[in-house]
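Okay, entry_22.pdb is below, PDB, C-alpha atoms:
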ATOM      1  CA  MET Z   1       9.287 -57.994 124.755  1.00  0.00           C
ATOM      2  CA  ALA Z   2      11.778 -60.795 124.164  1.00  0.00           C
ATOM      3  CA  ASN Z   3      11.244 -63.916 126.201  1.00  0.00           C
ATOM      4  CA  SER Z   4      13.997 -65.273 128.441  1.00  0.00           C
ATOM      5  CA  VAL Z   5      16.184 -68.197 127.379  1.00  0.00           C
ATOM      6  CA  ILE Z   6      14.623 -70.406 130.067  1.00  0.00           C
ATOM      7  CA  TYR Z   7      11.130 -69.505 128.859  1.00  0.00           C
ATOM      8  CA  ASN Z   8      11.978 -70.358 125.255  1.00  0.00           C
ATOM      9  CA  GLN Z   9      13.517 -73.657 126.359  1.00  0.00           C
ATOM     10  CA  LEU Z  10      10.543 -74.824 128.423  1.00  0.00           C
ATOM     11  CA  PHE Z  11       7.493 -73.285 126.776  1.00  0.00           C
ATOM     12  CA  SER Z  12       6.155 -73.194 123.245  1.00  0.00           C
ATOM     13  CA  PRO Z  13       3.910 -70.235 122.389  1.00  0.00           C
ATOM     14  CA  MET Z  14       2.087 -70.787 119.116  1.00  0.00           C
ATOM     15  CA  LYS Z  15       3.612 -68.963 116.176  1.00  0.00           C
ATOM     16  CA  GLY Z  16       2.107 -65.577 115.645  1.00  0.00           C
ATOM     17  CA  GLY Z  17       0.498 -65.672 119.073  1.00  0.00           C
ATOM     18  CA  SER Z  18       0.891 -63.407 122.072  1.00  0.00           C
ATOM     19  CA  LEU Z  19       0.698 -63.836 125.813  1.00  0.00           C
ATOM     20  CA  LYS Z  20      -2.592 -61.930 125.986  1.00  0.00           C
ATOM     21  CA  PHE Z  21      -5.513 -64.035 127.168  1.00  0.00           C
ATOM     22  CA  ASP Z  22      -7.775 -64.901 124.242  1.00  0.00           C
ATOM     23  CA  GLY Z  23     -11.017 -66.438 125.478  1.00  0.00           C
ATOM     24  CA  HIS Z  24     -12.501 -66.726 121.996  1.00  0.00           C
ATOM     25  CA  LYS Z  25      -9.526 -68.679 120.684  1.00  0.00           C
ATOM     26  CA  LEU Z  26      -9.533 -70.908 123.759  1.00  0.00           C
ATOM     27  CA  TRP Z  27     -13.240 -71.642 123.331  1.00  0.00           C
ATOM     28  CA  ASN Z  28     -12.710 -72.588 119.680  1.00  0.00           C
ATOM     29  CA  LEU Z  29      -9.864 -74.902 120.706  1.00  0.00           C
ATOM     30  CA  ILE Z  30     -12.035 -76.645 123.304  1.00  0.00           C
ATOM     31  CA  ILE Z  31     -14.845 -77.058 120.763  1.00  0.00           C
ATOM     32  CA  GLN Z  32     -12.346 -78.472 118.291  1.00  0.00           C
ATOM     33  CA  LYS Z  33     -11.024 -80.954 120.869  1.00  0.00           C
ATOM     34  CA  LYS Z  34     -14.409 -81.660 122.481  1.00  0.00           C
ATOM     35  CA  SER Z  35     -15.059 -85.107 120.992  1.00  0.00           C
ATOM     36  CA  PHE Z  36     -11.522 -86.262 121.673  1.00  0.00           C
ATOM     37  CA  LEU Z  37     -11.622 -84.994 125.275  1.00  0.00           C
ATOM     38  CA  ILE Z  38     -14.933 -86.781 125.871  1.00  0.00           C
ATOM     39  CA  LEU Z  39     -13.401 -90.071 124.713  1.00  0.00           C
ATOM     40  CA  VAL Z  40     -10.285 -89.470 126.819  1.00  0.00           C
ATOM     41  CA  PHE Z  41     -12.260 -88.849 130.012  1.00  0.00           C
ATOM     42  CA  ALA Z  42     -14.802 -91.608 129.326  1.00  0.00           C
ATOM     43  CA  ASN Z  43     -11.980 -94.135 129.017  1.00  0.00           C
ATOM     44  CA  LEU Z  44     -10.160 -92.634 132.011  1.00  0.00           C
ATOM     45  CA  ILE Z  45     -13.248 -92.987 134.210  1.00  0.00           C
ATOM     46  CA  ALA Z  46     -13.783 -96.567 133.003  1.00  0.00           C
ATOM     47  CA  GLN Z  47     -10.189 -97.595 133.732  1.00  0.00           C
ATOM     48  CA  LEU Z  48     -10.118 -95.898 137.133  1.00  0.00           C
ATOM     49  CA  GLY Z  49     -13.413 -97.669 137.867  1.00  0.00           C
ATOM     50  CA  ILE Z  50     -11.815-101.041 137.073  1.00  0.00           C
ATOM     51  CA  THR Z  51      -8.876-100.255 139.355  1.00  0.00           C
ATOM     52  CA  TYR Z  52     -11.134 -99.081 142.181  1.00  0.00           C
ATOM     53  CA  TYR Z  53     -13.357-102.174 141.904  1.00  0.00           C
ATOM     54  CA  VAL Z  54     -10.444-104.632 141.851  1.00  0.00           C
ATOM     55  CA  THR Z  55      -8.751-102.814 144.750  1.00  0.00           C
ATOM     56  CA  ASN Z  56     -11.843-103.211 146.928  1.00  0.00           C
ATOM     57  CA  LYS Z  57     -12.594-106.808 145.891  1.00  0.00           C
ATOM     58  CA  SER Z  58      -9.073-108.279 146.020  1.00  0.00           C
ATOM     59  CA  ASP Z  59      -8.089-109.908 149.308  1.00  0.00           C
ATOM     60  CA  ASN Z  60      -4.600-111.293 149.953  1.00  0.00           C
ATOM     61  CA  PRO Z  61      -3.549-111.382 146.272  1.00  0.00           C
ATOM     62  CA  GLN Z  62      -1.043-114.101 145.425  1.00  0.00           C
ATOM     63  CA  LEU Z  63       0.933-112.010 142.946  1.00  0.00           C
ATOM     64  CA  GLY Z  64       3.770-110.036 144.522  1.00  0.00           C
ATOM     65  CA  PHE Z  65       4.761-106.439 143.813  1.00  0.00           C
ATOM     66  CA  TRP Z  66       7.667-107.108 141.441  1.00  0.00           C
ATOM     67  CA  PRO Z  67       5.877-109.570 139.090  1.00  0.00           C
ATOM     68  CA  LEU Z  68       2.990-107.113 138.815  1.00  0.00           C
ATOM     69  CA  PHE Z  69       5.393-104.219 138.257  1.00  0.00           C
ATOM     70  CA  ALA Z  70       7.181-106.119 135.477  1.00  0.00           C
ATOM     71  CA  LEU Z  71       3.844-106.977 133.831  1.00  0.00           C
ATOM     72  CA  GLN Z  72       2.748-103.341 134.021  1.00  0.00           C
ATOM     73  CA  LEU Z  73       5.964-102.159 132.350  1.00  0.00           C
ATOM     74  CA  ILE Z  74       5.479-104.669 129.538  1.00  0.00           C
ATOM     75  CA  ILE Z  75       1.892-103.508 129.009  1.00  0.00           C
ATOM     76  CA  ILE Z  76       2.966 -99.850 128.912  1.00  0.00           C
ATOM     77  CA  PHE Z  77       5.566-100.599 126.225  1.00  0.00           C
ATOM     78  CA  VAL Z  78       3.029-102.646 124.225  1.00  0.00           C
ATOM     79  CA  LEU Z  79       0.437 -99.858 124.374  1.00  0.00           C
ATOM     80  CA  ALA Z  80       3.046 -97.250 123.414  1.00  0.00           C
ATOM     81  CA  LEU Z  81       4.851 -99.089 120.614  1.00  0.00           C
ATOM     82  CA  VAL Z  82       2.576-101.728 119.054  1.00  0.00           C
ATOM     83  CA  PRO Z  83      -0.066-100.524 116.530  1.00  0.00           C
ATOM     84  CA  MET Z  84      -3.449-102.089 117.231  1.00  0.00           C
ATOM     85  CA  PRO Z  85      -7.188-101.381 116.859  1.00  0.00           C
ATOM     86  CA  PRO Z  86      -8.710 -99.135 119.553  1.00  0.00           C
ATOM     87  CA  ILE Z  87     -10.866-101.954 120.989  1.00  0.00           C
ATOM     88  CA  VAL Z  88      -7.791-104.162 121.492  1.00  0.00           C
ATOM     89  CA  LYS Z  89      -5.908-101.266 123.051  1.00  0.00           C
ATOM     90  CA  PHE Z  90      -8.848-100.614 125.354  1.00  0.00           C
ATOM     91  CA  LEU Z  91      -8.921-104.254 126.495  1.00  0.00           C
ATOM     92  CA  ILE Z  92      -5.172-104.301 127.141  1.00  0.00           C
ATOM     93  CA  PHE Z  93      -5.541-101.069 129.083  1.00  0.00           C
ATOM     94  CA  GLY Z  94      -8.260-102.829 131.077  1.00  0.00           C
ATOM     95  CA  ILE Z  95      -5.785-105.595 131.995  1.00  0.00           C
ATOM     96  CA  PHE Z  96      -3.315-102.907 133.041  1.00  0.00           C
ATOM     97  CA  SER Z  97      -5.978-101.283 135.254  1.00  0.00           C
ATOM     98  CA  TRP Z  98      -6.769-104.690 136.751  1.00  0.00           C
ATOM     99  CA  THR Z  99      -3.112-105.294 137.676  1.00  0.00           C
ATOM    100  CA  PHE Z 100      -2.940-101.850 139.281  1.00  0.00           C
ATOM    101  CA  GLY Z 101      -6.040-102.692 141.305  1.00  0.00           C
ATOM    102  CA  ILE Z 102      -4.311-105.802 142.629  1.00  0.00           C
ATOM    103  CA  SER Z 103      -1.184-103.783 143.455  1.00  0.00           C
ATOM    104  CA  LEU Z 104      -3.191-101.165 145.331  1.00  0.00           C
ATOM    105  CA  SER Z 105      -5.196-103.773 147.244  1.00  0.00           C
ATOM    106  CA  HIS Z 106      -2.133-104.265 149.474  1.00  0.00           C
ATOM    107  CA  LEU Z 107      -2.729-100.745 150.777  1.00  0.00           C
ATOM    108  CA  LYS Z 108      -5.852-101.877 152.619  1.00  0.00           C
ATOM    109  CA  ASP Z 109      -3.617-103.704 155.110  1.00  0.00           C
ATOM    110  CA  LYS Z 110      -1.423-100.642 155.721  1.00  0.00           C
ATOM    111  CA  TYR Z 111      -3.841 -97.689 155.800  1.00  0.00           C
ATOM    112  CA  GLU Z 112      -7.208 -96.915 157.307  1.00  0.00           C
ATOM    113  CA  PRO Z 113     -10.120 -96.524 154.842  1.00  0.00           C
ATOM    114  CA  GLU Z 114     -10.477 -92.868 155.872  1.00  0.00           C
ATOM    115  CA  LEU Z 115      -6.890 -92.123 154.858  1.00  0.00           C
ATOM    116  CA  ILE Z 116      -7.351 -93.898 151.536  1.00  0.00           C
ATOM    117  CA  ASN Z 117     -10.484 -91.866 150.816  1.00  0.00           C
ATOM    118  CA  ILE Z 118      -8.666 -88.636 151.704  1.00  0.00           C
ATOM    119  CA  ALA Z 119      -5.830 -89.590 149.329  1.00  0.00           C
ATOM    120  CA  ILE Z 120      -8.346 -90.319 146.534  1.00  0.00           C
ATOM    121  CA  GLN Z 121     -10.063 -86.959 147.043  1.00  0.00           C
ATOM    122  CA  GLY Z 122      -6.724 -85.165 147.226  1.00  0.00           C
ATOM    123  CA  ALA Z 123      -5.425 -86.768 144.017  1.00  0.00           C
ATOM    124  CA  LEU Z 124      -8.603 -85.959 142.087  1.00  0.00           C
ATOM    125  CA  SER Z 125      -8.645 -82.391 143.438  1.00  0.00           C
ATOM    126  CA  ILE Z 126      -5.042 -81.763 142.368  1.00  0.00           C
ATOM    127  CA  PHE Z 127      -5.760 -83.293 138.967  1.00  0.00           C
ATOM    128  CA  ALA Z 128      -8.765 -81.008 138.455  1.00  0.00           C
ATOM    129  CA  LEU Z 129      -6.775 -77.964 139.589  1.00  0.00           C
ATOM    130  CA  MET Z 130      -3.794 -78.698 137.319  1.00  0.00           C
ATOM    131  CA  PHE Z 131      -6.085 -79.502 134.373  1.00  0.00           C
ATOM    132  CA  THR Z 132      -7.801 -76.134 134.829  1.00  0.00           C
ATOM    133  CA  PHE Z 133      -4.428 -74.404 135.135  1.00  0.00           C
ATOM    134  CA  SER Z 134      -3.251 -75.934 131.846  1.00  0.00           C
ATOM    135  CA  ILE Z 135      -6.461 -74.805 130.130  1.00  0.00           C
ATOM    136  CA  ALA Z 136      -5.764 -71.294 131.423  1.00  0.00           C
ATOM    137  CA  LEU Z 137      -2.215 -71.442 130.032  1.00  0.00           C
ATOM    138  CA  ALA Z 138      -3.669 -72.356 126.643  1.00  0.00           C
ATOM    139  CA  GLY Z 139      -5.847 -69.265 126.900  1.00  0.00           C
ATOM    140  CA  PHE Z 140      -2.617 -67.251 127.119  1.00  0.00           C
ATOM    141  CA  ASN Z 141      -1.300 -69.182 124.104  1.00  0.00           C
ATOM    142  CA  ILE Z 142       1.272 -71.047 126.258  1.00  0.00           C
ATOM    143  CA  TYR Z 143       1.927 -74.737 125.623  1.00  0.00           C
ATOM    144  CA  LEU Z 144       4.566 -76.845 127.344  1.00  0.00           C
ATOM    145  CA  GLY Z 145       7.188 -77.938 124.837  1.00  0.00           C
ATOM    146  CA  TYR Z 146       9.088 -81.197 124.436  1.00  0.00           C
ATOM    147  CA  LYS Z 147      12.030 -79.817 126.439  1.00  0.00           C
ATOM    148  CA  PHE Z 148       9.736 -79.358 129.410  1.00  0.00           C
ATOM    149  CA  GLY Z 149       8.693 -82.979 128.909  1.00  0.00           C
ATOM    150  CA  ALA Z 150      12.370 -84.022 128.872  1.00  0.00           C
ATOM    151  CA  PHE Z 151      12.907 -82.105 132.117  1.00  0.00           C
ATOM    152  CA  LEU Z 152       9.972 -83.975 133.710  1.00  0.00           C
ATOM    153  CA  PHE Z 153      11.321 -87.313 132.463  1.00  0.00           C
ATOM    154  CA  TRP Z 154      14.762 -86.790 134.003  1.00  0.00           C
ATOM    155  CA  ALA Z 155      13.226 -85.472 137.216  1.00  0.00           C
ATOM    156  CA  LEU Z 156      11.043 -88.599 137.393  1.00  0.00           C
ATOM    157  CA  LEU Z 157      14.055 -90.845 136.789  1.00  0.00           C
ATOM    158  CA  ALA Z 158      15.947 -89.111 139.607  1.00  0.00           C
ATOM    159  CA  LEU Z 159      12.921 -89.513 141.895  1.00  0.00           C
ATOM    160  CA  ILE Z 160      12.656 -93.243 141.119  1.00  0.00           C
ATOM    161  CA  ILE Z 161      16.348 -93.743 141.879  1.00  0.00           C
ATOM    162  CA  ALA Z 162      16.025 -91.813 145.148  1.00  0.00           C
ATOM    163  CA  LYS Z 163      13.026 -93.934 146.185  1.00  0.00           C
ATOM    164  CA  LEU Z 164      14.879 -97.158 145.364  1.00  0.00           C
ATOM    165  CA  VAL Z 165      17.854 -96.024 147.436  1.00  0.00           C
ATOM    166  CA  ASN Z 166      15.524 -95.250 150.325  1.00  0.00           C
ATOM    167  CA  MET Z 167      13.815 -98.655 149.960  1.00  0.00           C
ATOM    168  CA  LEU Z 168      17.054-100.665 149.817  1.00  0.00           C
ATOM    169  CA  GLY Z 169      18.853 -98.629 152.470  1.00  0.00           C
ATOM    170  CA  PRO Z 170      17.709 -97.459 155.899  1.00  0.00           C
ATOM    171  CA  GLN Z 171      14.077 -96.478 155.308  1.00  0.00           C
ATOM    172  CA  LEU Z 172      13.934 -93.052 156.895  1.00  0.00           C
ATOM    173  CA  SER Z 173      10.434 -91.701 157.485  1.00  0.00           C
ATOM    174  CA  ILE Z 174      11.452 -88.103 156.804  1.00  0.00           C
ATOM    175  CA  ALA Z 175      13.101 -89.124 153.519  1.00  0.00           C
ATOM    176  CA  ARG Z 176       9.991 -91.007 152.428  1.00  0.00           C
ATOM    177  CA  LYS Z 177       7.746 -88.050 153.203  1.00  0.00           C
ATOM    178  CA  THR Z 178      10.081 -85.617 151.458  1.00  0.00           C
ATOM    179  CA  LEU Z 179      10.199 -87.790 148.339  1.00  0.00           C
ATOM    180  CA  SER Z 180       6.395 -88.053 148.435  1.00  0.00           C
ATOM    181  CA  TYR Z 181       6.065 -84.263 148.499  1.00  0.00           C
ATOM    182  CA  ILE Z 182       8.453 -84.037 145.558  1.00  0.00           C
ATOM    183  CA  GLY Z 183       6.493 -86.736 143.722  1.00  0.00           C
ATOM    184  CA  LEU Z 184       3.248 -84.882 144.362  1.00  0.00           C
ATOM    185  CA  GLY Z 185       4.674 -81.719 142.827  1.00  0.00           C
ATOM    186  CA  LEU Z 186       6.225 -83.610 139.912  1.00  0.00           C
ATOM    187  CA  PHE Z 187       3.061 -85.436 138.911  1.00  0.00           C
ATOM    188  CA  SER Z 188       1.065 -82.239 139.279  1.00  0.00           C
ATOM    189  CA  LEU Z 189       3.355 -80.817 136.588  1.00  0.00           C
ATOM    190  CA  PHE Z 190       2.820 -83.973 134.530  1.00  0.00           C
ATOM    191  CA  VAL Z 191      -0.941 -83.270 134.520  1.00  0.00           C
ATOM    192  CA  VAL Z 192      -0.263 -79.763 133.204  1.00  0.00           C
ATOM    193  CA  TYR Z 193       2.160 -81.109 130.587  1.00  0.00           C
ATOM    194  CA  ASP Z 194      -0.132 -83.932 129.422  1.00  0.00           C
ATOM    195  CA  THR Z 195      -3.087 -81.543 129.125  1.00  0.00           C
ATOM    196  CA  SER Z 196      -0.941 -79.128 127.140  1.00  0.00           C
ATOM    197  CA  GLN Z 197       0.035 -81.962 124.801  1.00  0.00           C
ATOM    198  CA  ILE Z 198      -3.580 -83.000 124.304  1.00  0.00           C
ATOM    199  CA  LEU Z 199      -4.551 -79.433 123.424  1.00  0.00           C
ATOM    200  CA  SER Z 200      -1.627 -78.770 121.079  1.00  0.00           C
ATOM    201  CA  ARG Z 201      -0.888 -82.143 119.462  1.00  0.00           C
ATOM    202  CA  ASP Z 202      -2.769 -84.264 116.969  1.00  0.00           C
ATOM    203  CA  TYR Z 203      -3.225 -87.719 118.499  1.00  0.00           C
ATOM    204  CA  TYR Z 204      -4.915 -88.981 115.307  1.00  0.00           C
ATOM    205  CA  GLY Z 205      -7.823 -90.272 117.366  1.00  0.00           C
ATOM    206  CA  ASP Z 206      -5.639 -92.229 119.811  1.00  0.00           C
ATOM    207  CA  PHE Z 207      -7.564 -91.323 122.950  1.00  0.00           C
ATOM    208  CA  ILE Z 208      -6.269 -94.449 124.734  1.00  0.00           C
ATOM    209  CA  THR Z 209      -2.715 -93.098 124.912  1.00  0.00           C
ATOM    210  CA  ALA Z 210      -3.916 -89.710 126.142  1.00  0.00           C
ATOM    211  CA  SER Z 211      -6.072 -91.282 128.862  1.00  0.00           C
ATOM    212  CA  LEU Z 212      -3.203 -93.601 129.875  1.00  0.00           C
ATOM    213  CA  ASP Z 213      -1.073 -90.535 130.614  1.00  0.00           C
ATOM    214  CA  TYR Z 214      -3.827 -89.115 132.818  1.00  0.00           C
ATOM    215  CA  TYR Z 215      -4.380 -92.498 134.480  1.00  0.00           C
ATOM    216  CA  LEU Z 216      -0.723 -92.761 135.501  1.00  0.00           C
ATOM    217  CA  ASP Z 217      -0.733 -89.154 136.717  1.00  0.00           C
ATOM    218  CA  ILE Z 218      -3.730 -89.738 138.988  1.00  0.00           C
ATOM    219  CA  LEU Z 219      -2.471 -93.063 140.370  1.00  0.00           C
ATOM    220  CA  ASN Z 220       0.912 -91.543 141.178  1.00  0.00           C
ATOM    221  CA  LEU Z 221      -0.723 -88.512 142.796  1.00  0.00           C
ATOM    222  CA  PHE Z 222      -2.779 -90.912 144.903  1.00  0.00           C
ATOM    223  CA  THR Z 223       0.156 -93.058 146.059  1.00  0.00           C
ATOM    224  CA  ASN Z 224       2.312 -90.025 146.880  1.00  0.00           C
ATOM    225  CA  PHE Z 225      -0.577 -88.452 148.776  1.00  0.00           C
ATOM    226  CA  LEU Z 226      -0.974 -91.639 150.787  1.00  0.00           C
ATOM    227  CA  ASN Z 227       2.740 -91.915 151.548  1.00  0.00           C
ATOM    228  CA  MET Z 228       2.746 -88.420 153.013  1.00  0.00           C
TER
END
Render the structure in this file as structure tokens.
Amino acid sequence: MANSVIYNQLFSPMKGGSLKFDGHKLWNLIIQKKSFLILVFANLIAQLGITYYVTNKSDNPQLGFWPLFALQLIIIFVLALVPMPPIVKFLIFGIFSWTFGISLSHLKDKYEPELINIAIQGALSIFALMFTFSIALAGFNIYLGYKFGAFLFWALLALIIAKLVNMLGPQLSIARKTLSYIGLGLFSLFVVYDTSQILSRDYYGDFITASLDYYLDILNLFTNFLNM
């Protein structure tokens, strides 16, 4: 059966494959990617641990939101564009995680610890669910293509603009909550997309970049959960 135009635009079935679930092929793929996935999740856990530790230990940080945000953007571009040894990339990622911990420490003054813990559990639960869903898609030989990634990018850009408008204009509670729900759905799709990329692309051993994608997904899931 011919696939629809929308399907062909957004998804990328492997050549010669079918939409029938193939557990054997999926298992071989996971075995093939096992070492890389272990490194990705080991680094992800380490970086999230740094952020969590700094968030809990930082009190009344002197750095404001915008200087930290600018520094984080610079670090993202450096990690994405500048070739460097893995150990250097790991250390720079650690600095990035530290700055995020400082940024998130402001939340302790706005939200009760119980709400923060609920948001953490919710973000990790959604991540696990979307990761599993992407693995299942791979079992059906479905991988999200670059056009799906472009769609997510433009959707994220539109969301950022909408949030800035809401911040600079009259800050309506219902608008903030609506944008948070949209952000939650968008970054859930990012988890699926990033997992699909990890399973289908060759990162040439660059597990730092792969774990950075996951790190940003989880942190954005957390903040949107909290804003709801």
Problem set entry | Target residues per the PyMOL selection byres ((chain Z and resi 226) around 8), formatted as a list in words | Leu115, Ile116, Ala119, Phe222, Thr223, Asn224, Phe225, Asn227 and Met228 of chain Z
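In this structure, CA of Leu107 in chain Z sits 11.7 Å away from CA of Phe65 in chain Z.
Using all atoms listed in the file, the shortest contact distance between Ser97 in chain Z and any of Z:Leu48, Z:Leu157, Z:Leu152, Z:Leu124 is found at Z:Leu48.
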For this session: Quick one: apply the PyMOL selection byres ((chain Z and resi 207-221) around 8) to the file and drop the selected residues here as JSON, numbers by chain.
Result: {"Z": [36, 37, 39, 40, 41, 43, 44, 47, 48, 79, 80, 86, 89, 90, 93, 123, 124, 127, 183, 184, 187, 188, 190, 191, 194, 198, 203, 205, 206, 222, 223, 224, 225]}
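Once Phe133 in chain Z and its same-chain neighbours fewer than 5 positions away are set aside, Ala128, Ala138 and Val192 of chain Z remain within 9 Å of it when counting all atoms listed in the file.
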For this session: Find the residues around Leu29 in chain Z up to 12 Å (all atoms listed in the file counted), leave out those fewer than 3 positions away in its own chain, and share them as a list in words.
Result: Asp22, Gly23, His24, Lys25, Leu26, Gln32, Lys33, Lys34, Ser35, Phe36, Leu37, Ile135, Ala138, Gly139, Asn141, Ser196, Ile198, Leu199, Ser200 and Arg201 of chain Z
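Atom pair CA of Ser58 in chain Z / CA of Phe96 in chain Z: separated by 15.2 Å.
Residue nearest Ala175 in chain Z, chosen from Z:Tyr52, Z:Ala162, Z:Gln121, Z:Gly64 and counting all atoms listed in the file: Z:Ala162.
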Exercise. Between Z:Ile38, Z:Ile160, Z:Ser180, Z:Tyr193, which has the minimum distance to Thr132 in chain Z (counting only C-alpha atoms)?
Worked result: Z:Tyr193
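Of the listed residues (Z:Leu189, Z:Thr55, Z:Lys163, Z:Tyr111), Z:Lys163 comes nearest to Lys177 in chain Z; the distances count only C-alpha atoms.
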Exercise. To one decimal place, how far is CA of Thr195 in chain Z from CA of Leu144 in chain Z in Å?
Worked result: 9.2 Å
Exercise. Of the candidates Z:Ser105, Z:Gln197, Z:Ile174, Z:Gly122, which shows the shortest atom-to-atom distance to Gly149 in chain Z, using all atoms listed in the file?
Worked result: Z:Gln197
For this session: For the structure provided, state which residues fall under the PyMOL selection byres ((chain Z and resi 98) around 12), and present them as an NGL selection string.
Result: :Z and (46-58 or 68 or 71-72 or 75 or 91-97 or 99-105)
Output as an mmCIF file, in the frame of the given file: range 114-127 of chain Z, completed with N, CA, C and O atoms.
data_model
loop_
_atom_site.group_PDB
_atom_site.id
_atom_site.type_symbol
_atom_site.label_atom_id
_atom_site.label_comp_id
_atom_site.auth_asym_id
_atom_site.auth_seq_id
_atom_site.Cartn_x
_atom_site.Cartn_y
_atom_site.Cartn_z
ATOM 1 N N GLU Z 114 -10.317 -94.320 155.898
ATOM 2 C CA GLU Z 114 -10.477 -92.868 155.872
ATOM 3 C C GLU Z 114 -9.285 -92.199 155.190
ATOM 4 O O GLU Z 114 -9.444 -91.246 154.417
ATOM 5 N N LEU Z 115 -8.078 -92.697 155.468
ATOM 6 C CA LEU Z 115 -6.890 -92.123 154.858
ATOM 7 C C LEU Z 115 -6.865 -92.385 153.351
ATOM 8 O O LEU Z 115 -6.461 -91.524 152.571
ATOM 9 N N ILE Z 116 -7.304 -93.571 152.960
ATOM 10 C CA ILE Z 116 -7.351 -93.898 151.536
ATOM 11 C C ILE Z 116 -8.342 -92.983 150.816
ATOM 12 O O ILE Z 116 -8.059 -92.480 149.722
ATOM 13 N N ASN Z 117 -9.487 -92.758 151.426
ATOM 14 C CA ASN Z 117 -10.484 -91.866 150.816
ATOM 15 C C ASN Z 117 -9.965 -90.433 150.719
ATOM 16 O O ASN Z 117 -10.209 -89.739 149.713
ATOM 17 N N ILE Z 118 -9.244 -89.980 151.742
ATOM 18 C CA ILE Z 118 -8.666 -88.636 151.704
ATOM 19 C C ILE Z 118 -7.648 -88.533 150.563
ATOM 20 O O ILE Z 118 -7.594 -87.531 149.844
ATOM 21 N N ALA Z 119 -6.832 -89.586 150.395
ATOM 22 C CA ALA Z 119 -5.830 -89.590 149.329
ATOM 23 C C ALA Z 119 -6.501 -89.572 147.950
ATOM 24 O O ALA Z 119 -6.023 -88.899 147.027
ATOM 25 N N ILE Z 120 -7.603 -90.316 147.803
ATOM 26 C CA ILE Z 120 -8.346 -90.319 146.534
ATOM 27 C C ILE Z 120 -8.877 -88.924 146.233
ATOM 28 O O ILE Z 120 -8.713 -88.397 145.126
ATOM 29 N N GLN Z 121 -9.511 -88.305 147.230
ATOM 30 C CA GLN Z 121 -10.063 -86.959 147.043
ATOM 31 C C GLN Z 121 -8.961 -85.947 146.756
ATOM 32 O O GLN Z 121 -9.122 -85.066 145.906
ATOM 33 N N GLY Z 122 -7.833 -86.085 147.451
ATOM 34 C CA GLY Z 122 -6.724 -85.165 147.226
ATOM 35 C C GLY Z 122 -6.148 -85.294 145.829
ATOM 36 O O GLY Z 122 -5.867 -84.281 145.168
ATOM 37 N N ALA Z 123 -5.976 -86.541 145.355
ATOM 38 C CA ALA Z 123 -5.425 -86.768 144.017
ATOM 39 C C ALA Z 123 -6.343 -86.201 142.943
ATOM 40 O O ALA Z 123 -5.889 -85.539 141.997
ATOM 41 N N LEU Z 124 -7.652 -86.457 143.082
ATOM 42 C CA LEU Z 124 -8.603 -85.959 142.087
ATOM 43 C C LEU Z 124 -8.703 -84.435 142.126
ATOM 44 O O LEU Z 124 -8.864 -83.794 141.076
ATOM 45 N N SER Z 125 -8.584 -83.852 143.318
ATOM 46 C CA SER Z 125 -8.645 -82.391 143.438
ATOM 47 C C SER Z 125 -7.436 -81.750 142.758
ATOM 48 O O SER Z 125 -7.575 -80.752 142.045
ATOM 49 N N ILE Z 126 -6.248 -82.307 143.002
ATOM 50 C CA ILE Z 126 -5.042 -81.763 142.368
ATOM 51 C C ILE Z 126 -5.125 -81.928 140.860
ATOM 52 O O ILE Z 126 -4.757 -81.019 140.102
ATOM 53 N N PHE Z 127 -5.614 -83.081 140.410
ATOM 54 C CA PHE Z 127 -5.760 -83.293 138.967
ATOM 55 C C PHE Z 127 -6.667 -82.234 138.355
ATOM 56 O O PHE Z 127 -6.337 -81.640 137.317
#
